[in-house]
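One structure is given here, and the rest of the page talks about it.
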Amino acid sequence: MHSKHTVLYICEEYLSGNCYYYKTELITHDSWRNPESISWSRPRPISKATFMKQKKAGFRTEHRKIKKSPAVVIALHKERDDLASIESS
């Protein structure tokens, strides 16, 4: 189990208002005595309840505002239908 010093809880809030919660931990690839082998693990998804519980318990938390614009959705089925009507002509 990780201590309050080796774990970080992250909340990413997007412009759409959606929030995603993650947990990342300090890990070593060699030995704790080798500082060059220490890095953060890949962020793992967690629930909002877990994030809030750990924040209240005093664990480190970060709130990140992500300013990416929403993805553009391309309707492929419409283009496929148009192609099918051209081929049948």
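Please note that chains go A, B, ... in the order of the structure tokens, that every chain numbers its residues from 1, and that ligands are numbered from 1 in the order shown.
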Just asking: which residues within chain A are alpha helix (DSSP H) according to DSSP, as a ChimeraX atom specification?
/A:48-56,76-88
Long-range neighbours of segment 7-18 of chain A as an MDAnalysis selection string, 9 Å cut-off, only C-alpha atoms, 2 positions minimum in chain:
chainID A and resid 2:5 20:26 40 43 46 48 51 54:55 59:70
One number please: atom CA of Val73 of chain A to atom CA of Cys19 of chain A, in Å, one decimal.
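Between atom CA of Val73 of chain A and atom CA of Cys19 of chain A the gap is 20.5 Å.
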Running DSSP on the backbone, which parts of chain A land in strand (DSSP E), as a ChimeraX atom specification?
/A:7-14,19-28,38-40,44-46,60-66
